[in-house]
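Visitor: Handing over structure_11.cif, mmCIF, C-alpha atoms.
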data_target
#
loop_
_atom_site.group_PDB
_atom_site.id
_atom_site.type_symbol
_atom_site.label_atom_id
_atom_site.label_comp_id
_atom_site.auth_asym_id
_atom_site.auth_seq_id
_atom_site.Cartn_x
_atom_site.Cartn_y
_atom_site.Cartn_z
ATOM 1 C CA MET A 127 8.870 8.552 -1.663
ATOM 2 C CA ALA A 128 9.636 11.683 -3.657
ATOM 3 C CA ALA A 129 12.132 12.908 -6.210
ATOM 4 C CA VAL A 130 12.740 16.295 -7.793
ATOM 5 C CA GLU A 131 15.159 16.653 -10.705
ATOM 6 C CA LEU A 132 16.576 19.851 -12.132
ATOM 7 C CA PRO A 133 16.231 20.065 -15.939
ATOM 8 C CA ARG A 134 19.207 18.920 -18.029
ATOM 9 C CA GLY A 135 19.657 22.365 -19.574
ATOM 10 C CA SER A 136 19.907 24.146 -16.208
ATOM 11 C CA PHE A 137 23.632 24.899 -16.598
ATOM 12 C CA PRO A 138 24.321 25.293 -20.350
ATOM 13 C CA GLY A 139 27.883 25.017 -21.624
ATOM 14 C CA THR A 140 28.967 22.923 -18.636
ATOM 15 C CA ASP A 141 29.484 19.233 -17.879
ATOM 16 C CA TYR A 142 26.278 19.249 -15.794
ATOM 17 C CA ARG A 143 24.275 16.087 -16.514
ATOM 18 C CA ASP A 144 21.617 16.107 -13.818
ATOM 19 C CA ALA A 145 20.805 16.967 -10.221
ATOM 20 C CA PHE A 146 18.224 15.564 -7.854
ATOM 21 C CA PHE A 147 16.568 15.877 -4.450
ATOM 22 C CA THR A 148 15.063 12.654 -3.102
ATOM 23 C CA VAL A 149 13.202 11.647 0.035
ATOM 24 C CA ALA A 150 12.986 8.033 1.197
ATOM 25 C CA VAL A 151 11.664 6.214 4.265
ATOM 26 C CA ASN A 152 12.926 2.858 5.543
ATOM 27 C CA ARG A 153 10.752 1.193 8.184
ATOM 28 C CA HIS A 154 13.217 -1.665 8.756
ATOM 29 C CA LEU A 155 16.236 0.179 10.173
ATOM 30 C CA SER A 156 16.991 0.821 13.826
ATOM 31 C CA SER A 157 17.990 4.233 15.123
ATOM 32 C CA ALA A 158 21.670 3.176 15.147
ATOM 33 C CA GLN A 159 21.483 1.811 11.593
ATOM 34 C CA CYS A 160 19.748 4.965 10.368
ATOM 35 C CA SER A 161 22.664 7.176 11.356
ATOM 36 C CA GLN A 162 25.197 5.023 9.459
ATOM 37 C CA PHE A 163 26.307 5.997 5.963
ATOM 38 C CA SER A 164 27.982 4.143 3.106
ATOM 39 C CA ILE A 165 31.712 4.546 2.726
ATOM 40 C CA VAL A 166 33.080 5.939 -0.531
ATOM 41 C CA ASP A 167 35.182 3.432 -2.507
ATOM 42 C CA GLU A 168 38.591 5.080 -2.223
ATOM 43 C CA GLN A 169 39.821 3.344 -5.391
ATOM 44 C CA LYS A 170 37.282 5.316 -7.434
ATOM 45 C CA SER A 171 37.559 8.615 -5.575
ATOM 46 C CA ASP A 172 40.103 11.294 -4.782
ATOM 47 C CA ASP A 173 37.870 12.519 -1.941
ATOM 48 C CA GLU A 174 37.369 10.968 1.490
ATOM 49 C CA SER A 175 34.010 10.135 2.990
ATOM 50 C CA LEU A 176 33.255 12.337 5.972
ATOM 51 C CA ALA A 177 31.962 11.062 9.293
ATOM 52 C CA PRO A 178 28.345 12.107 9.797
ATOM 53 C CA GLN A 179 27.796 15.560 11.247
ATOM 54 C CA THR A 180 24.704 16.765 13.053
ATOM 55 C CA VAL A 181 22.872 19.520 11.205
ATOM 56 C CA THR A 182 19.588 21.278 11.903
ATOM 57 C CA LEU A 183 17.042 21.496 9.083
ATOM 58 C CA GLY A 184 14.033 23.521 10.089
ATOM 59 C CA GLU A 185 13.439 22.418 13.675
ATOM 60 C CA LYS A 186 14.863 18.876 13.309
ATOM 61 C CA GLU A 187 18.378 17.507 13.690
ATOM 62 C CA PHE A 188 19.720 15.168 10.994
ATOM 63 C CA SER A 189 22.940 13.171 10.570
ATOM 64 C CA ALA A 190 24.623 14.406 7.398
ATOM 65 C CA THR A 191 27.540 13.458 5.169
ATOM 66 C CA ASN A 192 28.932 14.068 1.665
ATOM 67 C CA THR A 193 30.169 11.529 -0.862
ATOM 68 C CA PHE A 194 32.027 11.607 -4.149
ATOM 69 C CA GLU A 195 32.322 8.867 -6.749
ATOM 70 C CA GLY A 196 33.635 8.851 -10.252
ATOM 71 C CA LYS A 197 36.411 9.061 -12.719
ATOM 72 C CA THR A 198 37.934 11.939 -14.654
ATOM 73 C CA THR A 199 35.083 12.511 -17.101
ATOM 74 C CA GLU A 200 32.034 11.342 -15.103
ATOM 75 C CA GLN A 201 31.471 12.252 -11.469
ATOM 76 C CA SER A 202 28.751 12.029 -8.863
ATOM 77 C CA TYR A 203 28.521 14.205 -5.750
ATOM 78 C CA ALA A 204 25.914 13.624 -3.055
ATOM 79 C CA ARG A 205 24.834 15.007 0.286
ATOM 80 C CA TYR A 206 22.833 12.693 2.546
ATOM 81 C CA TYR A 207 20.663 13.584 5.552
ATOM 82 C CA HIS A 208 19.200 10.918 7.891
ATOM 83 C CA ARG A 209 16.751 11.201 10.786
ATOM 84 C CA PHE A 210 15.156 8.450 12.863
ATOM 85 C CA GLU A 211 11.664 9.339 14.036
ATOM 86 C CA ASN A 212 8.358 7.533 14.601
ATOM 87 C CA GLY A 213 10.214 4.194 14.331
ATOM 88 C CA MET A 214 11.334 4.969 10.767
ATOM 89 C CA CYS A 215 14.526 6.142 9.081
ATOM 90 C CA TYR A 216 14.074 9.197 6.855
ATOM 91 C CA GLU A 217 16.732 9.891 4.223
ATOM 92 C CA VAL A 218 17.039 13.019 2.116
ATOM 93 C CA ALA A 219 19.622 12.983 -0.669
ATOM 94 C CA LEU A 220 20.850 15.816 -2.868
ATOM 95 C CA GLY A 221 23.000 14.845 -5.820
ATOM 96 C CA VAL A 222 24.848 16.269 -8.806
ATOM 97 C CA GLN A 223 26.145 14.223 -11.725
ATOM 98 C CA THR A 224 28.579 15.538 -14.323
ATOM 99 C CA ALA A 225 29.950 14.111 -17.558
ATOM 100 C CA GLY A 226 32.151 15.143 -20.457
ATOM 101 C CA TYR A 227 34.474 17.766 -18.996
ATOM 102 C CA GLY A 228 37.883 17.421 -20.601
ATOM 103 C CA ILE A 229 36.708 15.356 -23.559
ATOM 104 C CA VAL A 230 34.098 17.652 -25.132
ATOM 105 C CA ASP A 231 35.472 20.849 -26.678
ATOM 106 C CA GLY A 232 34.140 24.048 -25.137
ATOM 107 C CA LEU A 233 32.564 22.303 -22.143
ATOM 108 C CA ASN A 234 33.268 23.943 -18.781
ATOM 109 C CA ALA A 235 33.075 22.296 -15.376
ATOM 110 C CA VAL A 236 29.831 23.159 -13.601
ATOM 111 C CA ASP A 237 30.169 24.894 -10.250
ATOM 112 C CA ARG A 238 28.752 22.195 -7.958
ATOM 113 C CA ASP A 239 28.104 24.774 -5.238
ATOM 114 C CA ASP A 240 25.766 26.604 -7.658
ATOM 115 C CA VAL A 241 23.877 23.376 -8.351
ATOM 116 C CA PHE A 242 23.557 22.520 -4.655
ATOM 117 C CA ALA A 243 22.415 26.117 -4.011
ATOM 118 C CA LYS A 244 19.370 25.370 -6.200
ATOM 119 C CA LEU A 245 18.604 22.144 -4.295
ATOM 120 C CA GLU A 246 19.307 23.186 -0.693
ATOM 121 C CA PRO A 247 16.322 25.545 -0.208
ATOM 122 C CA MET A 248 14.102 22.446 -0.398
ATOM 123 C CA LEU A 249 15.779 21.133 2.770
ATOM 124 C CA THR A 250 14.194 23.855 4.889
ATOM 125 C CA THR A 251 10.706 22.730 3.815
ATOM 126 C CA ILE A 252 10.993 19.195 5.207
ATOM 127 C CA LYS A 253 8.298 18.397 7.747
ATOM 128 C CA ILE A 254 7.932 15.005 9.406
ATOM 129 C CA ASP A 255 4.384 14.488 10.680
ATOM 130 C CA GLU A 256 4.612 13.329 14.286
ATOM 131 C CA SER A 257 0.867 13.081 14.895
ATOM 132 C CA GLU A 258 0.750 9.280 14.832
ATOM 133 C CA LYS A 259 3.173 6.487 15.597
ATOM 134 C CA PRO A 260 3.666 3.623 13.103
ATOM 135 C CA VAL A 261 1.473 0.538 13.447
ATOM 136 C CA THR A 262 3.321 -2.182 15.354
ATOM 137 C CA ASP A 263 0.683 -4.938 15.145
ATOM 138 C CA SER A 264 2.206 -7.623 12.891
ATOM 139 C CA SER A 265 -1.236 -8.567 11.578
ATOM 140 C CA ALA A 266 -1.876 -5.044 10.312
ATOM 141 C CA GLN A 267 -1.359 -4.250 6.652
ATOM 142 C CA PRO A 268 1.682 -2.033 5.995
ATOM 143 C CA THR A 269 0.906 1.501 4.958
ATOM 144 C CA THR A 270 2.663 3.375 2.222
ATOM 145 C CA SER A 271 4.087 6.782 3.006
ATOM 146 C CA ALA A 272 3.671 9.441 0.369
ATOM 147 C CA ALA A 273 5.431 12.688 -0.319
ATOM 148 C CA SER A 274 3.293 15.745 -0.280
ATOM 149 C CA SER A 275 3.587 19.257 -1.579
ATOM 150 C CA GLN A 276 1.551 22.388 -1.112
ATOM 151 C CA GLU A 277 -0.559 21.367 -4.111
ATOM 152 C CA ALA A 278 -1.186 17.761 -2.980
ATOM 153 C CA PRO A 279 -3.044 16.738 0.194
ATOM 154 C CA GLN A 280 -1.194 14.710 2.786
ATOM 155 C CA THR A 281 -2.085 11.048 2.418
ATOM 156 C CA SER A 282 -0.446 9.368 5.386
ATOM 157 C CA ALA A 283 0.252 10.000 9.042
ATOM 158 C CA HIS A 284 3.928 9.477 8.226
ATOM 159 C CA ASP A 285 4.187 12.012 5.405
ATOM 160 C CA ILE A 286 7.295 14.019 4.834
ATOM 161 C CA SER A 287 6.984 17.169 2.792
ATOM 162 C CA ALA A 288 9.605 18.504 0.400
ATOM 163 C CA ASN A 289 7.957 21.591 -1.036
ATOM 164 C CA GLN A 290 9.757 23.764 -3.553
ATOM 165 C CA ARG A 291 9.862 27.501 -3.028
#
So that I can check it, write out the structure of this file as structure tokens.

Guide:
Amino acid sequence: MAAVELPRGSFPGTDYRDAFFTVAVNRHLSSAQCSQFSIVDEQKSDDESLAPQTVTLGEKEFSATNTFEGKTTEQSYARYYHRFENGMCYEVALGVQTAGYGIVDGLNAVDRDDVFAKLEPMLTTIKIDESEKPVTDSSAQPTTSAASSQEAPQTSAHDISANQR
């Protein structure tokens, strides 16, 4: 539905490659399926996947977890937030990818907490429009949800906003 990426040069002199904030909607998952998360492949990771926790973002509760994947010189860190509402599964993902630390002279490891600190304020702006329920008539055409921001008008009854501050 929506994606925001921090510029590549956001953390100069570090192994920072990119960071992102994404919002997705899946209309085909049940409430139980929505709260499930992928398991980290332990052969590729020195970190364990955490069981989902309940966190409050704005006025809504989400299931949340962290993941890590990678090898010595390339790593990916992600934080996932799921919420089932209006018959749909909403997923918000924040991610940081690094590359080159230890093989490129003069390159320092980026402080992942600093990167996530730039992404996390967007979490508090998430708003799920509850004004209408999804169409359940099988003969009806599916609608496409769209992300909206303060600059763009809402285009669907199932919009989710991820506005930057």

Visitor: Measure the distance from CA of Asp255 in chain A to CA of Ala145 in chain A in Å and round it to one decimal.

Guide: 26.7 Å

Visitor: So the first atom is CA of Asn234 in chain A and the second is CA of Arg143 in chain A; what is the distance between them in Å, to one decimal place?

Guide: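 Distance reported for this atom pair: 12.2 Å.
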
Visitor: Residues within 12 Å of (15.8, 11.8, 1.6), file coordinates, counting all atoms listed in the file: what are they? Give the list as a PyMOL selection string.

Guide: chain A and resi 127-130+146-152+160+188-190+204-210+215-221+248-249+252-254+273+286-288

Visitor: When you draw a straight line from CA of His154 in chain A to CA of Thr191 in chain A, how long is it in Å?

Guide: 21.1 Å

Visitor: Using the chain letters and numbering of this document, enumerate as a JSON list (two decimals) with C-alpha atoms, in the coordinates of the input the residues selected by the PyMOL selection byres ((chain A and resi 178) around 8).

Guide:
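Result written to selection-v8.json:
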[["chain", "number", "residue", "atom", "x", "y", "z"],
["A", 161, "SER", "CA", 22.66, 7.18, 11.36],
["A", 162, "GLN", "CA", 25.20, 5.02, 9.46],
["A", 163, "PHE", "CA", 26.31, 6.00, 5.96],
["A", 176, "LEU", "CA", 33.26, 12.34, 5.97],
["A", 177, "ALA", "CA", 31.96, 11.06, 9.29],
["A", 179, "GLN", "CA", 27.80, 15.56, 11.25],
["A", 180, "THR", "CA", 24.70, 16.76, 13.05],
["A", 189, "SER", "CA", 22.94, 13.17, 10.57],
["A", 190, "ALA", "CA", 24.62, 14.41, 7.40],
["A", 191, "THR", "CA", 27.54, 13.46, 5.17]]

Visitor: Kindly indicate which residue among A:Tyr203, A:Phe242, A:Phe194, A:Tyr142 lies nearest to Ala225 in chain A, using all atoms listed in the file for the distances.

Guide: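 Nearest candidate to Ala225 in chain A out of A:Tyr203, A:Phe242, A:Phe194, A:Tyr142: A:Tyr142.
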
Visitor: Using all atoms listed in the file, which residue out of A:Met214, A:Ile229, A:Ser136, A:Thr224 lies closest to Ser202 in chain A?

Guide: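 When distances to Ser202 in chain A are compared using all atoms listed in the file, the smallest one comes from A:Thr224.
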
Visitor: Translate the PyMOL selection byres ((chain A and resi 227) around 12) into a concrete residue list for this structure, as JSON, numbers by chain.

Guide: {"A": [139, 140, 141, 142, 143, 197, 198, 199, 200, 201, 223, 224, 225, 226, 228, 229, 230, 231, 232, 233, 234, 235, 236]}

Visitor: Suppose we keep C-alpha atoms; can you now write the selection as a PDB file, in the frame of the given file?

Guide:
ATOM      1  CA  GLY A 139      27.883  25.017 -21.624  1.00  0.00           C
ATOM      2  CA  THR A 140      28.967  22.923 -18.636  1.00  0.00           C
ATOM      3  CA  ASP A 141      29.484  19.233 -17.879  1.00  0.00           C
ATOM      4  CA  TYR A 142      26.278  19.249 -15.794  1.00  0.00           C
ATOM      5  CA  ARG A 143      24.275  16.087 -16.514  1.00  0.00           C
ATOM      6  CA  LYS A 197      36.411   9.061 -12.719  1.00  0.00           C
ATOM      7  CA  THR A 198      37.934  11.939 -14.654  1.00  0.00           C
ATOM      8  CA  THR A 199      35.083  12.511 -17.101  1.00  0.00           C
ATOM      9  CA  GLU A 200      32.034  11.342 -15.103  1.00  0.00           C
ATOM     10  CA  GLN A 201      31.471  12.252 -11.469  1.00  0.00           C
ATOM     11  CA  GLN A 223      26.145  14.223 -11.725  1.00  0.00           C
ATOM     12  CA  THR A 224      28.579  15.538 -14.323  1.00  0.00           C
ATOM     13  CA  ALA A 225      29.950  14.111 -17.558  1.00  0.00           C
ATOM     14  CA  GLY A 226      32.151  15.143 -20.457  1.00  0.00           C
ATOM     15  CA  GLY A 228      37.883  17.421 -20.601  1.00  0.00           C
ATOM     16  CA  ILE A 229      36.708  15.356 -23.559  1.00  0.00           C
ATOM     17  CA  VAL A 230      34.098  17.652 -25.132  1.00  0.00           C
ATOM     18  CA  ASP A 231      35.472  20.849 -26.678  1.00  0.00           C
ATOM     19  CA  GLY A 232      34.140  24.048 -25.137  1.00  0.00           C
ATOM     20  CA  LEU A 233      32.564  22.303 -22.143  1.00  0.00           C
ATOM     21  CA  ASN A 234      33.268  23.943 -18.781  1.00  0.00           C
ATOM     22  CA  ALA A 235      33.075  22.296 -15.376  1.00  0.00           C
ATOM     23  CA  VAL A 236      29.831  23.159 -13.601  1.00  0.00           C
TER      24      VAL A 236
END

Visitor: Please determine, counting all atoms listed in the file, which residue among A:Gly196, A:Leu183, A:Val241, A:Thr251 has the shortest atom-to-atom distance to Arg134 in chain A.

Guide: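 Once distances to Arg134 in chain A are computed over all atoms listed in the file, the minimum belongs to A:Val241.
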